[in-house]
$ cat upload09.txt   # compact mmCIF, C-alpha atoms
# COMPACT_ATOMS: atom_id res chain seq x y z
CA ASP A 21 -7.56 -14.47 9.87
CA VAL A 22 -4.28 -13.88 8.05
CA LYS A 23 -4.99 -13.73 4.33
CA VAL A 24 -1.65 -12.63 2.86
CA THR A 25 1.33 -14.40 4.34
CA GLN A 26 4.95 -13.49 3.83
CA SER A 27 7.28 -16.32 4.65
CA SER A 28 9.84 -14.36 6.67
CA ARG A 29 9.45 -11.41 8.98
CA TYR A 30 13.17 -10.67 9.20
CA LEU A 31 16.02 -11.69 6.91
CA VAL A 32 19.71 -10.93 6.94
CA LYS A 33 21.63 -11.72 3.77
CA ARG A 34 25.09 -11.09 2.45
CA THR A 35 25.94 -8.90 -0.51
CA GLY A 36 25.83 -10.91 -3.72
CA GLU A 37 23.49 -13.58 -2.42
CA LYS A 38 20.38 -14.56 -4.34
CA VAL A 39 17.39 -13.87 -2.14
CA PHE A 40 13.85 -15.20 -2.40
CA LEU A 41 10.91 -13.51 -0.69
CA GLU A 42 7.73 -15.53 -0.73
CA CYS A 43 4.13 -14.37 -0.54
CA VAL A 44 0.99 -16.50 -0.41
CA GLN A 45 -2.64 -15.33 -0.43
CA ASP A 46 -5.73 -17.42 0.25
CA MET A 47 -8.39 -15.08 -1.16
CA ASP A 48 -8.21 -16.28 -4.77
CA HIS A 49 -7.13 -12.80 -5.85
CA GLU A 50 -5.97 -12.35 -9.41
CA ASN A 51 -3.63 -9.44 -8.72
CA MET A 52 -0.51 -9.56 -6.59
CA PHE A 53 2.10 -6.91 -5.93
CA TRP A 54 5.50 -6.35 -4.39
CA TYR A 55 6.36 -3.00 -2.81
CA ARG A 56 9.31 -1.75 -0.90
CA GLN A 57 8.79 0.74 1.90
CA ASP A 58 11.48 3.19 2.93
CA PRO A 59 11.20 6.13 5.35
CA GLY A 60 10.15 9.30 3.56
CA LEU A 61 9.62 7.49 0.26
CA GLY A 62 6.36 5.72 0.99
CA LEU A 63 5.40 2.61 -0.94
CA ARG A 64 7.17 2.03 -4.22
CA LEU A 65 5.95 -0.63 -6.63
CA ILE A 66 8.58 -3.14 -7.74
CA TYR A 67 6.59 -5.69 -9.76
CA PHE A 68 3.03 -6.86 -10.07
CA SER A 69 1.14 -9.71 -11.65
CA TYR A 70 -2.39 -9.88 -13.06
CA ASP A 71 -2.45 -13.61 -13.48
CA VAL A 72 -0.46 -16.79 -13.27
CA LYS A 73 2.81 -16.67 -15.19
CA MET A 74 2.42 -13.03 -16.09
CA LYS A 75 4.38 -10.12 -14.62
CA GLU A 76 4.71 -6.42 -15.15
CA LYS A 77 7.42 -4.02 -14.06
CA GLY A 78 6.53 -1.39 -11.54
CA ASP A 79 8.38 1.82 -10.81
CA ILE A 80 11.64 0.34 -9.47
CA PRO A 81 12.20 -3.13 -10.99
CA GLU A 82 15.98 -2.89 -11.36
CA GLY A 83 17.78 -5.60 -9.45
CA TYR A 84 14.61 -7.63 -8.92
CA SER A 85 12.65 -10.32 -10.68
CA VAL A 86 9.46 -12.19 -9.83
CA SER A 87 7.81 -15.53 -10.32
CA ARG A 88 4.15 -16.49 -10.30
CA GLU A 89 3.75 -20.17 -11.05
CA LYS A 90 0.52 -20.54 -9.06
CA LYS A 91 -2.29 -18.10 -8.51
CA GLU A 92 -1.82 -17.95 -4.75
CA ARG A 93 1.95 -17.48 -4.71
CA PHE A 94 4.07 -14.53 -5.84
CA SER A 95 7.80 -14.58 -5.26
CA LEU A 96 10.23 -11.69 -5.33
CA ILE A 97 13.81 -12.50 -6.26
CA LEU A 98 16.85 -10.38 -5.62
CA GLU A 99 19.30 -11.72 -8.18
CA SER A 100 22.39 -10.42 -6.40
CA ALA A 101 21.56 -8.63 -3.17
CA SER A 102 23.14 -5.25 -2.55
CA THR A 103 23.18 -3.03 0.51
CA ASN A 104 20.86 -0.51 -1.15
CA GLN A 105 18.19 -3.21 -1.20
CA THR A 106 18.01 -3.17 2.58
CA SER A 107 14.38 -2.29 3.14
CA MET A 108 10.93 -3.41 4.25
CA TYR A 109 9.23 -5.45 1.52
CA LEU A 110 5.46 -5.64 1.42
CA CYS A 111 3.40 -8.05 -0.61
CA ALA A 112 -0.23 -7.23 -1.43
CA SER A 113 -3.10 -8.79 -3.29
CA LYS A 114 -6.28 -7.40 -4.79
CA SER A 115 -9.33 -8.79 -6.47
CA HIS A 116 -9.61 -7.97 -10.14
CA GLY A 117 -13.21 -6.98 -9.64
CA GLN A 118 -15.66 -6.34 -12.43
CA GLY A 119 -17.38 -3.09 -13.30
CA VAL A 120 -18.07 -1.07 -10.20
CA ARG A 121 -18.21 -3.92 -7.73
CA PRO A 122 -16.11 -3.09 -4.66
CA PRO A 123 -13.75 -3.51 -3.01
CA TYR A 124 -10.67 -2.43 -4.86
CA GLY A 125 -8.49 -2.05 -1.82
CA TYR A 126 -5.35 -4.01 -1.17
CA THR A 127 -4.79 -6.66 1.44
CA PHE A 128 -1.19 -6.41 2.58
CA GLY A 129 1.11 -8.97 4.12
CA SER A 130 2.95 -8.22 7.35
CA GLY A 131 6.16 -7.39 5.55
CA THR A 132 9.68 -8.76 5.39
CA ARG A 133 12.43 -6.59 6.76
CA LEU A 134 15.50 -7.44 4.72
CA THR A 135 18.98 -6.38 5.76
CA VAL A 136 21.83 -6.87 3.31
CA VAL A 137 25.26 -6.77 4.90
CA GLY B 6 1.08 8.97 -15.07
CA GLU B 7 -0.61 9.78 -11.80
CA ASN B 8 1.20 11.76 -9.12
CA VAL B 9 -0.05 11.91 -5.54
CA GLU B 10 1.26 14.46 -3.07
CA GLN B 11 0.51 13.99 0.63
CA HIS B 12 0.87 16.54 3.43
CA PRO B 13 1.99 16.87 6.09
CA SER B 14 4.67 14.23 6.44
CA THR B 15 4.38 14.41 10.22
CA LEU B 16 1.43 15.53 12.32
CA SER B 17 1.44 15.80 16.09
CA VAL B 18 -1.79 16.44 18.00
CA GLN B 19 -3.13 16.22 21.52
CA GLU B 20 -5.63 13.53 22.40
CA GLY B 21 -9.12 14.75 21.62
CA ASP B 22 -8.03 17.14 18.89
CA SER B 23 -8.90 16.68 15.24
CA ALA B 24 -6.38 15.70 12.61
CA VAL B 25 -6.51 16.40 8.89
CA ILE B 26 -4.29 14.85 6.24
CA LYS B 27 -4.45 16.19 2.69
CA CYS B 28 -3.63 14.64 -0.66
CA THR B 29 -3.64 16.02 -4.17
CA TYR B 30 -3.63 14.04 -7.38
CA SER B 31 -2.83 14.92 -10.95
CA ASP B 32 -4.86 12.59 -13.18
CA SER B 33 -8.44 13.78 -13.55
CA ALA B 34 -9.40 10.26 -14.66
CA SER B 35 -8.68 8.87 -11.18
CA ASN B 36 -11.92 7.91 -9.50
CA TYR B 37 -11.06 5.74 -6.50
CA PHE B 38 -9.29 7.05 -3.40
CA PRO B 39 -8.45 4.67 -0.55
CA TRP B 40 -6.73 5.46 2.75
CA TYR B 41 -4.52 3.00 4.58
CA LYS B 42 -3.39 3.00 8.20
CA GLN B 43 -0.13 1.33 9.19
CA GLU B 44 0.52 0.94 12.89
CA LEU B 45 4.09 0.46 14.02
CA GLY B 46 5.35 -2.96 12.98
CA LYS B 47 2.09 -3.93 11.32
CA ARG B 48 0.74 -4.19 7.82
CA PRO B 49 -1.09 -1.31 6.12
CA GLN B 50 -4.84 -1.75 6.35
CA LEU B 51 -7.59 -0.11 4.37
CA ILE B 52 -9.59 2.13 6.70
CA ILE B 53 -11.84 4.09 4.37
CA ASP B 54 -12.21 4.79 0.69
CA ILE B 55 -14.23 7.07 -1.55
CA ARG B 56 -15.27 6.99 -5.16
CA SER B 57 -15.53 10.03 -7.32
CA ASN B 58 -19.32 10.00 -7.47
CA VAL B 59 -19.54 11.13 -3.83
CA GLY B 60 -18.07 14.12 -2.07
CA GLU B 61 -17.83 12.80 1.48
CA LYS B 62 -17.91 9.54 3.35
CA LYS B 63 -17.94 8.96 7.11
CA ASP B 64 -17.23 6.00 9.32
CA GLN B 65 -17.49 6.82 13.03
CA ARG B 66 -14.60 9.17 13.84
CA ILE B 67 -13.03 9.18 10.40
CA ALA B 68 -14.24 10.86 7.25
CA VAL B 69 -12.88 11.46 3.79
CA THR B 70 -13.77 14.39 1.57
CA LEU B 71 -13.14 14.71 -2.14
CA ASN B 72 -12.98 17.81 -4.32
CA LYS B 73 -12.81 16.60 -7.91
CA THR B 74 -12.50 20.07 -9.36
CA ALA B 75 -9.44 20.88 -7.29
CA LYS B 76 -8.21 17.29 -7.45
CA HIS B 77 -7.67 16.89 -3.75
CA PHE B 78 -9.00 14.66 -1.02
CA SER B 79 -8.56 14.68 2.72
CA LEU B 80 -8.77 12.36 5.71
CA HIS B 81 -10.36 13.80 8.83
CA ILE B 82 -10.04 12.14 12.23
CA THR B 83 -12.08 13.63 15.06
CA GLU B 84 -11.60 13.11 18.81
CA THR B 85 -8.19 11.56 18.25
CA GLN B 86 -7.00 8.82 20.57
CA PRO B 87 -3.49 7.43 21.18
CA GLU B 88 -4.40 4.33 19.17
CA ASP B 89 -4.84 6.54 16.13
CA SER B 90 -1.06 7.01 16.13
CA ALA B 91 0.18 5.44 12.90
CA VAL B 92 1.38 6.19 9.39
CA TYR B 93 -1.47 7.01 7.03
CA PHE B 94 -1.20 6.59 3.26
CA CYS B 95 -3.53 8.00 0.66
CA ALA B 96 -3.80 6.60 -2.84
CA ALA B 97 -5.49 7.35 -6.13
CA SER B 98 -6.41 5.08 -9.00
CA LYS B 99 -8.76 4.85 -11.94
CA GLY B 100 -10.74 2.23 -10.09
CA GLY B 101 -11.65 -1.09 -11.51
CA GLY B 102 -9.77 -4.22 -10.69
CA SER B 103 -6.90 -3.81 -13.09
CA TYR B 104 -5.73 -0.33 -12.15
CA ILE B 105 -2.74 0.15 -9.90
CA PRO B 106 -3.09 2.82 -7.22
CA THR B 107 -0.48 5.51 -6.81
CA PHE B 108 0.37 6.08 -3.16
CA GLY B 109 1.28 9.24 -1.31
CA ARG B 110 4.45 9.17 0.77
CA GLY B 111 2.63 8.82 4.04
CA THR B 112 1.86 10.92 7.10
CA SER B 113 3.10 9.94 10.53
CA LEU B 114 0.36 10.89 12.99
CA ILE B 115 1.33 11.11 16.64
CA VAL B 116 -1.43 11.53 19.20
CA HIS B 117 -0.13 12.64 22.59
CA PRO B 118 -2.13 11.50 25.64
$ encode --input "upload09.txt" --output "C-alpha cells"
Amino acid sequence: DVKVTQSSRYLVKRTGEKVFLECVQDMDHENMFWYRQDPGLGLRLIYFSYDVKMKEKGDIPEGYSVSREKKERFSLILESASTNQTSMYLCASKSHGQGVRPPYGYTFGSGTRLTVV
Amino acid sequence: GENVEQHPSTLSVQEGDSAVIKCTYSDSASNYFPWYKQELGKRPQLIIDIRSNVGEKKDQRIAVTLNKTAKHFSLHITETQPEDSAVYFCAASKGGGSYIPTFGRGTSLIVHP
C-alpha cells in the first residue's frame, strides 16, 4: 500500500543538467516536504509546501527550487546539478491535522538516490 | 529554532540485549516527539511517538520516555533481534499539523546474532 511515490529510485545526471525529482501522494495530505539524507548529517529539509502553489524554504534551499501545481504532487528541481548535490532525496507528506488530533507523523517515499557526475 | 542532538551515532549490541538511544531538544515549546526507523535501502517509518502530556509510552518491545524538565527523550528497545538493525531518527516539533519537526542525525543500530 504505497502512499508516497517517488518517480525514480536511482538517477545519474551530468553536471549542469536540470534535474526534476517527482513525488506523488495519495493520502490527500496538505503538507509535503523534500529532504536530502547524507551519512552523518541526518535528514535536512530543502523545501516544503503547506498547500497548492505555495512553498517555503527549508534549511538548505540553495541550488534547488520546487513546484506544487496539484495537491498530490510536489516536484524538486535542481536548476543546474552539481556534484555536491549527489545524495539520497526523500519526499514526505503529512496531514495538516487540527487541534490535537493525531497523527502528526510523516509518511516518507522510498527515496531517489541521485548521482551527479 | 529547535536543535535536536541524538546519541550515540552508532550502537552495537548482541541479540537479546537492550538498546537505548537518547535525544535532547532545546525548545521547551516542543510537545511532539516521534521516532522513525529506516532499514537499509528502505524509507523511514514512524515506529512510536509521544506527546508532552505523558512521560512514557510502550508498544511491545519498544518504549519511549520523555523528561520535559531536562528536555530529553529516549527510545528503549528490549530483547533486540537482528531485524531491529536499522538507522533510528528522533524528532521534535511543536505538534499540530503545521509545525515542521527537527530531526536528530540518526543512530545506526547493529544487532549481532
$ residues_around --input "upload09.txt" --residues "stretch 50-65 of chain B" --least-positions-apart "4" --cutoff "6 Å" --atoms "all atoms listed in the file" --output "PyMOL selection string"
chain B and resi 36-42+69-71
$ axis_aligned_box --input "upload09.txt" --around "stretch 83-97 of chain A" --padding-each-side "5 Å" --output "AutoDock Vina command-line options"
--center_x 7.7 --center_y -13.1 --center_z -7.9 --size_x 30.1 --size_y 24.9 --size_z 16.3
$ residues_around --input "upload09.txt" --residues "B:His81" --least-positions-apart "5" --cutoff "9 Å" --atoms "all atoms listed in the file" --output "list in words"
Ser23, Ala24, Val25, Ile26, Lys27, Arg66, Ile67, Ala68, Val69 and Thr70 of chain B
$ atom_distance --input "upload09.txt" --atom1 "atom CA of B:Glu88" --atom2 "atom CA of A:Gly62"
21.2 Å
$ closest_residue --input "upload09.txt" --among "B:Pro118, B:Lys73, B:Ser14, B:Glu20" --to "B:Val92" --atoms "all atoms listed in the file"
B:Ser14
